[in-house]
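For reference, the structure discussed in these notes is given below.
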Amino acid sequence: MTQGRPTQGRPTETNPAPARGPLNRRLAAFGTTIFAEMSALAQRTGSINLGQGFPDTDGPEEIREAAVRALRAGHGNQYPPGPGVPELRDAVAAHQERFYGLTWSPETEVLVTTGATEAIAASLLALLEPDDEVIAFEPYYDSYAACIAMAGAKRVPLTLRAPDFRPDLDELRTLITPRTRLLLLNTPHNPTGTVLTPDELSGIAALAVEHDLLVVTDEVYEHLVFTGAHHPIAALPGMRERTVSISSSGKTFSYTGWKIGWVTGDAPLVAAVRAAKQYLTFVSGGPFQYAIAEALALPDAFFTGFREDMRRKRDLLAEGLRTAGFRVYEPEGTYFITTDISPFGDEDAYAFCRALPERCGVAAVPNSVFYDDPEAGRSQVRFTFCKREEVLRKAVERLCDM
Ligand code: PMP
Ligand code: GLN
C-alpha cells in the first residue's frame, strides 16, 4: 500500500469510507510510510537510496565501543529506569546548558525516549484532548499527522511555500482558534531545510504566550545548521513553562538504528510526557543510553566537524542536482535538499519518485505526501546528502544521464 497524502483516506460525500477493515479510521488514511516505501523500491531496483534519511557510514568508533563496553558490563541489559539512566539524563542536561545556556533538572526535566519518534507520539498523546487543534508547518514530517490523528486531535497546517519556505506569522495568527491547544514546530525543518530565525521564533513565542498555547518543538537536526544558528524556542521569555523540546542521537551521532531520543521541559510537562511514555515502551534501549551519554560529551570539534562535513556534502549534491536540471532550494539545515521537478516537464512528484529508480537507479522522496494542500508541494522532490561523497557523485552522474 502506498502512503498517498494523509488526507487521501478522509471520507467525504464523493469518497465514502471503505467497508470496515481491521485498521481503525484514525490510521487508515496513512498506509505505509513513504520512507519505507521508497527504501523498499531502492532495494528492489538496486538503486542509490537518497530517499530515507540515514547515513551510509556509522558514527564515531569510540561511541560504538562505549555501547559494546556497556553491553559486556551488563549496563542496561535489564530494564533501565523509566525516565532514562542517570548518566544519560545528566549528559542531556549538560548538553543543553553547554550549547544553549538552558538549565534542566536531570531528575525531573529530562526524559529519555525511543528516538524522537516516541517523544513526538508520547508528547501528543499526553498533551492533547480529542478535538483539540494542533497547528503545524506543512510539509509535515510524516509521524506528526499520524500521531495527531492517533490522539484524536485535528491538524491545522501552516503552509511553508516555495521558494523560501518561511512561516507567515500573520497567517499563523489567523489559524489560532479557541480550540487551538498546541503549536508543533520543527527547526531545522525536514524536508525543506528551513531554520527559524530569532525574529520568527520570537513572533511564534509571542503568539503562544498571548493565546496560552503549548509548544512541542522537534529539534533533531539541531547540530546541522549551515546558515545562521540553532535557537531553541524554550529559551525565550514565557516559553520555558509551555515548551516540550525533542531531540535525538540518531542524526547527530549517525546511529539512527539505536533509537535513543529525549525530551526536555518544565517538570509538569515532562511528567505528562512520561505518563504516556511509560505505557508506550516503558523504557528505552539500555546499553545504548550509556554510549550516547558519552557521545553528548564529545568535544566541540566533533560537532563542528560533523556539520562542516555535511555542509560539503550539501554543496556537492546541490551543485550536482542543479547540473542535472533540477530547481534546487538550498537548505539552511538538516540533511535534505528539496528540489522542483518542473524543469523536466514533470509535475507529479510522487509519480516521478516511483519511476526514478527504474529510470536511472536513484531513489528520492516526494514532498507532496507531506502536504495537506495538494498544490503546494506537487512538484517537490527531496534528496538526502548524508551519504559518502563517492555515492553522491555516482548518484549525480546517474541523474545527469537520465
Ligand atoms: N523528527 C524529524 C524531523 C526527523 O527527520 C526524524 C527522523 N530522524 C525524526 C523526528 C525521528 O527521529 P528518531 O529516528 O530519533 O526517532
Ligand atoms: N527521518 C528520516 C527521514 O526523514 C527517516 C525516518 C523514518 O524512516 N521514519 O527520511
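So you can find residues: chains in the C-alpha cells are A, B, ... in the order shown, residues in each start at 1, and ligands are numbered from 1 in order.
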- Shell of 9 Å around ligand 2 (only C-alpha atoms and all ligand atoms), written as a list in words: Thr33, Ile34, Phe35, Ala36, Ser39, Leu50, Gly51, Gln52, Gly53, Phe54, Thr117, Tyr141, Asp142, Ser143, Asn190, Pro191, Lys251, Thr256, Tyr335, Phe336, Val365 and Thr384 of chain A
Please, could you write that set of residues out with N, CA, C and O atoms as an mmCIF file, in the first residue's frame?
```
data_model
loop_
_atom_site.group_PDB
_atom_site.id
_atom_site.type_symbol
_atom_site.label_atom_id
_atom_site.label_comp_id
_atom_site.auth_asym_id
_atom_site.auth_seq_id
_atom_site.Cartn_x
_atom_site.Cartn_y
_atom_site.Cartn_z
ATOM 1 N N THR A 33 4.698 4.159 5.498
ATOM 2 C CA THR A 33 5.383 5.453 5.399
ATOM 3 C C THR A 33 6.121 5.540 4.072
ATOM 4 O O THR A 33 6.595 4.538 3.528
ATOM 5 N N ILE A 34 6.224 6.754 3.595
ATOM 6 C CA ILE A 34 6.884 6.995 2.308
ATOM 7 C C ILE A 34 8.353 6.565 2.373
ATOM 8 O O ILE A 34 8.928 6.136 1.380
ATOM 9 N N PHE A 35 8.952 6.645 3.590
ATOM 10 C CA PHE A 35 10.369 6.287 3.731
ATOM 11 C C PHE A 35 10.545 4.782 3.509
ATOM 12 O O PHE A 35 11.451 4.336 2.803
ATOM 13 N N ALA A 36 9.647 4.004 4.117
ATOM 14 C CA ALA A 36 9.715 2.549 3.943
ATOM 15 C C ALA A 36 9.431 2.191 2.487
ATOM 16 O O ALA A 36 10.106 1.333 1.892
ATOM 17 N N SER A 39 12.457 3.210 0.300
ATOM 18 C CA SER A 39 13.639 2.390 0.599
ATOM 19 C C SER A 39 13.462 0.985 0.033
ATOM 20 O O SER A 39 14.411 0.389 -0.488
ATOM 21 N N LEU A 50 18.777 7.893 -2.024
ATOM 22 C CA LEU A 50 18.835 9.263 -1.483
ATOM 23 C C LEU A 50 17.446 9.670 -0.975
ATOM 24 O O LEU A 50 17.113 10.844 -0.903
ATOM 25 N N GLY A 51 16.634 8.653 -0.642
ATOM 26 C CA GLY A 51 15.285 8.909 -0.130
ATOM 27 C C GLY A 51 15.307 9.012 1.377
ATOM 28 O O GLY A 51 15.455 10.098 1.949
ATOM 29 N N GLN A 52 15.205 7.863 2.049
ATOM 30 C CA GLN A 52 15.160 7.849 3.519
ATOM 31 C C GLN A 52 16.455 8.420 4.097
ATOM 32 O O GLN A 52 17.551 8.101 3.621
ATOM 33 N N GLY A 53 16.324 9.249 5.137
ATOM 34 C CA GLY A 53 17.492 9.923 5.694
ATOM 35 C C GLY A 53 18.217 9.065 6.722
ATOM 36 O O GLY A 53 17.888 9.089 7.902
ATOM 37 N N PHE A 54 19.189 8.293 6.258
ATOM 38 C CA PHE A 54 20.086 7.594 7.198
ATOM 39 C C PHE A 54 21.478 7.577 6.591
ATOM 40 O O PHE A 54 21.634 7.399 5.375
ATOM 41 N N THR A 117 10.905 9.790 17.551
ATOM 42 C CA THR A 117 9.586 9.302 17.126
ATOM 43 C C THR A 117 8.695 9.028 18.332
ATOM 44 O O THR A 117 7.535 9.437 18.373
ATOM 45 N N TYR A 141 6.694 16.442 8.796
ATOM 46 C CA TYR A 141 7.363 15.158 8.992
ATOM 47 C C TYR A 141 6.244 14.132 9.204
ATOM 48 O O TYR A 141 5.305 14.389 9.961
ATOM 49 N N ASP A 142 6.323 12.981 8.575
ATOM 50 C CA ASP A 142 5.121 12.139 8.437
ATOM 51 C C ASP A 142 4.492 11.695 9.754
ATOM 52 O O ASP A 142 3.284 11.556 9.854
ATOM 53 N N SER A 143 5.309 11.496 10.787
ATOM 54 C CA SER A 143 4.704 10.970 12.022
ATOM 55 C C SER A 143 3.846 12.021 12.735
ATOM 56 O O SER A 143 3.019 11.665 13.566
ATOM 57 N N ASN A 190 12.523 19.452 8.441
ATOM 58 C CA ASN A 190 12.513 18.365 7.471
ATOM 59 C C ASN A 190 11.145 18.377 6.789
ATOM 60 O O ASN A 190 10.142 18.299 7.497
ATOM 61 N N PRO A 191 11.016 18.494 5.486
ATOM 62 C CA PRO A 191 12.038 18.327 4.458
ATOM 63 C C PRO A 191 12.633 19.611 3.874
ATOM 64 O O PRO A 191 13.545 19.509 3.052
ATOM 65 N N LYS A 251 20.537 11.466 14.388
ATOM 66 C CA LYS A 251 21.089 12.305 13.329
ATOM 67 C C LYS A 251 22.464 12.843 13.715
ATOM 68 O O LYS A 251 23.398 12.809 12.921
ATOM 69 N N THR A 256 21.331 5.918 13.588
ATOM 70 C CA THR A 256 19.864 6.063 13.561
ATOM 71 C C THR A 256 19.154 4.801 14.057
ATOM 72 O O THR A 256 18.007 4.869 14.469
ATOM 73 N N TYR A 335 19.689 17.284 6.699
ATOM 74 C CA TYR A 335 20.482 16.709 5.634
ATOM 75 C C TYR A 335 19.661 16.331 4.415
ATOM 76 O O TYR A 335 19.852 15.323 3.790
ATOM 77 N N PHE A 336 18.760 17.264 4.082
ATOM 78 C CA PHE A 336 17.903 17.071 2.914
ATOM 79 C C PHE A 336 17.925 18.294 2.005
ATOM 80 O O PHE A 336 18.044 19.423 2.482
ATOM 81 N N VAL A 365 12.418 11.038 -2.365
ATOM 82 C CA VAL A 365 11.136 11.044 -1.665
ATOM 83 C C VAL A 365 10.311 12.240 -2.164
ATOM 84 O O VAL A 365 10.842 13.349 -2.265
ATOM 85 N N THR A 384 18.431 13.195 0.056
ATOM 86 C CA THR A 384 19.300 13.339 1.223
ATOM 87 C C THR A 384 20.762 13.324 0.789
ATOM 88 O O THR A 384 21.121 12.669 -0.187
#
```
- Message: as a ChimeraX atom specification, please: every residue in stretch 83-290 of chain A that a backbone DSSP assignment puts in alpha helix (DSSP H).
- Response: /A:86-100,115-127,142-150,169-175,198-210,249-253,267-280,286-290
Distance table requested - chain A against ligand 1, cut-off 8 Å, only C-alpha atoms and all ligand atoms: one row per qualifying residue with the closest atom pair and its distance in Å to one decimal, ordered by chain and rising residue number, as a tab-separated table.
```
residue	atom	partner	partner_atom_place_in_ligand_line	distance
A:Gly53	CA	ligand 1	7 (C)	7.0
A:Phe54	CA	ligand 1	8 (N)	7.9
A:Thr114	CA	ligand 1	16 (O)	6.7
A:Gly115	CA	ligand 1	15 (O)	3.4
A:Ala116	CA	ligand 1	15 (O)	3.9
A:Thr117	CA	ligand 1	16 (O)	3.7
A:Glu118	CA	ligand 1	16 (O)	6.4
A:Ala119	CA	ligand 1	16 (O)	7.8
A:Ile120	CA	ligand 1	10 (C)	7.5
A:Tyr141	CA	ligand 1	3 (C)	5.5
A:Ser143	CA	ligand 1	10 (C)	7.7
A:Asn186	CA	ligand 1	3 (C)	6.3
A:Thr187	CA	ligand 1	3 (C)	8.0
A:Pro188	CA	ligand 1	3 (C)	7.9
A:His189	CA	ligand 1	3 (C)	6.4
A:Asn190	CA	ligand 1	3 (C)	5.0
A:Pro191	CA	ligand 1	5 (O)	7.7
A:Asp218	CA	ligand 1	1 (N)	5.9
A:Glu219	CA	ligand 1	3 (C)	7.2
A:Val220	CA	ligand 1	1 (N)	5.9
A:Tyr221	CA	ligand 1	3 (C)	7.3
A:Ser247	CA	ligand 1	15 (O)	7.2
A:Ser248	CA	ligand 1	15 (O)	4.6
A:Ser249	CA	ligand 1	15 (O)	6.4
A:Gly250	CA	ligand 1	15 (O)	5.2
A:Lys251	CA	ligand 1	8 (N)	6.1
A:Thr256	CA	ligand 1	14 (O)	5.5
A:Gly257	CA	ligand 1	14 (O)	7.4
A:Lys259	CA	ligand 1	15 (O)	5.3
A:Ile260	CA	ligand 1	15 (O)	6.2
A:Gly261	CA	ligand 1	15 (O)	5.4
```
- Quick one: everything within 10 Å of A:Val112, counting only C-alpha atoms, minus sequence neighbours fewer than 6 positions away in the same chain. Send it as a ChimeraX atom specification. /A:81-86,88-89,92,118-119,246-248,260-264,274,277,283-285,289
- Query: Hey, what's within 8 Å of stretch 128-138 of chain A if we count only C-alpha atoms and toss same-chain stuff fewer than 2 positions away? As a PyMOL selection string, please?
  - Reply: chain A and resi 124-126+140+148+151-160+167+175-176+179-186+370-372
Serialized selection, C-alpha atoms, as a compact mmCIF listing (two decimals), in the first residue's frame:
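As written to disk, again-v2.txt reads:
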```
# COMPACT_ATOMS: atom_id res chain seq x y z
CA LEU A 124 1.00 14.47 21.56
CA LEU A 125 -0.81 11.60 23.29
CA ALA A 126 -0.09 13.18 26.67
CA TYR A 140 4.90 17.79 7.86
CA ILE A 148 -2.15 13.90 15.91
CA ALA A 151 -4.57 11.39 19.70
CA GLY A 152 -7.96 12.11 18.08
CA ALA A 153 -6.96 15.74 17.56
CA LYS A 154 -7.12 17.87 14.44
CA ARG A 155 -4.16 19.13 12.46
CA VAL A 156 -4.22 22.64 11.09
CA PRO A 157 -1.49 23.34 8.54
CA LEU A 158 0.55 26.48 8.22
CA THR A 159 1.93 26.03 4.73
CA LEU A 160 5.58 26.77 4.03
CA PRO A 167 6.30 30.73 8.01
CA LEU A 175 -5.20 29.98 12.28
CA ILE A 176 -5.42 30.21 16.07
CA ARG A 179 -9.73 25.11 20.18
CA THR A 180 -6.02 25.52 19.43
CA ARG A 181 -4.03 23.73 22.09
CA LEU A 182 -0.59 23.30 20.67
CA LEU A 183 1.94 24.51 18.11
CA LEU A 184 4.10 21.75 16.69
CA LEU A 185 7.39 23.19 15.44
CA ASN A 186 10.31 21.65 13.64
CA PHE A 370 3.81 15.73 3.43
CA TYR A 371 1.26 18.40 2.48
CA ASP A 372 -2.49 18.71 3.01
```
- A:Val369 environment, 12 Å, only C-alpha atoms, sequence neighbours closer than 5 positions dropped, as an NGL selection string: :A and (2-8 or 29-35 or 138-143 or 145 or 191 or 348-351 or 353 or 374-382)
- Out of stretch 207-379 of chain A, which residues get strand (DSSP E) from DSSP, as number ranges by chain? A: 214-218, 243-248, 260-265, 327-329, 336-340, 362-363, 365-366
Could I get the residues of stretch 142-211 of chain A with an atom no further than 6 Å from an atom of stretch 330-334 of chain A, each paired with its nearest atom pair and that distance in Å to one decimal, using only C-alpha atoms, sorted by chain and residue number, as JSON lines?
```
{"residue": "A:Pro188", "atom": "CA", "partner": "A:Gly333", "partner_atom": "CA", "distance": 5.4}
{"residue": "A:Gly193", "atom": "CA", "partner": "A:Pro331", "partner_atom": "CA", "distance": 4.2}
{"residue": "A:Thr194", "atom": "CA", "partner": "A:Glu332", "partner_atom": "CA", "distance": 5.7}
{"residue": "A:Val195", "atom": "CA", "partner": "A:Glu332", "partner_atom": "CA", "distance": 5.9}
```
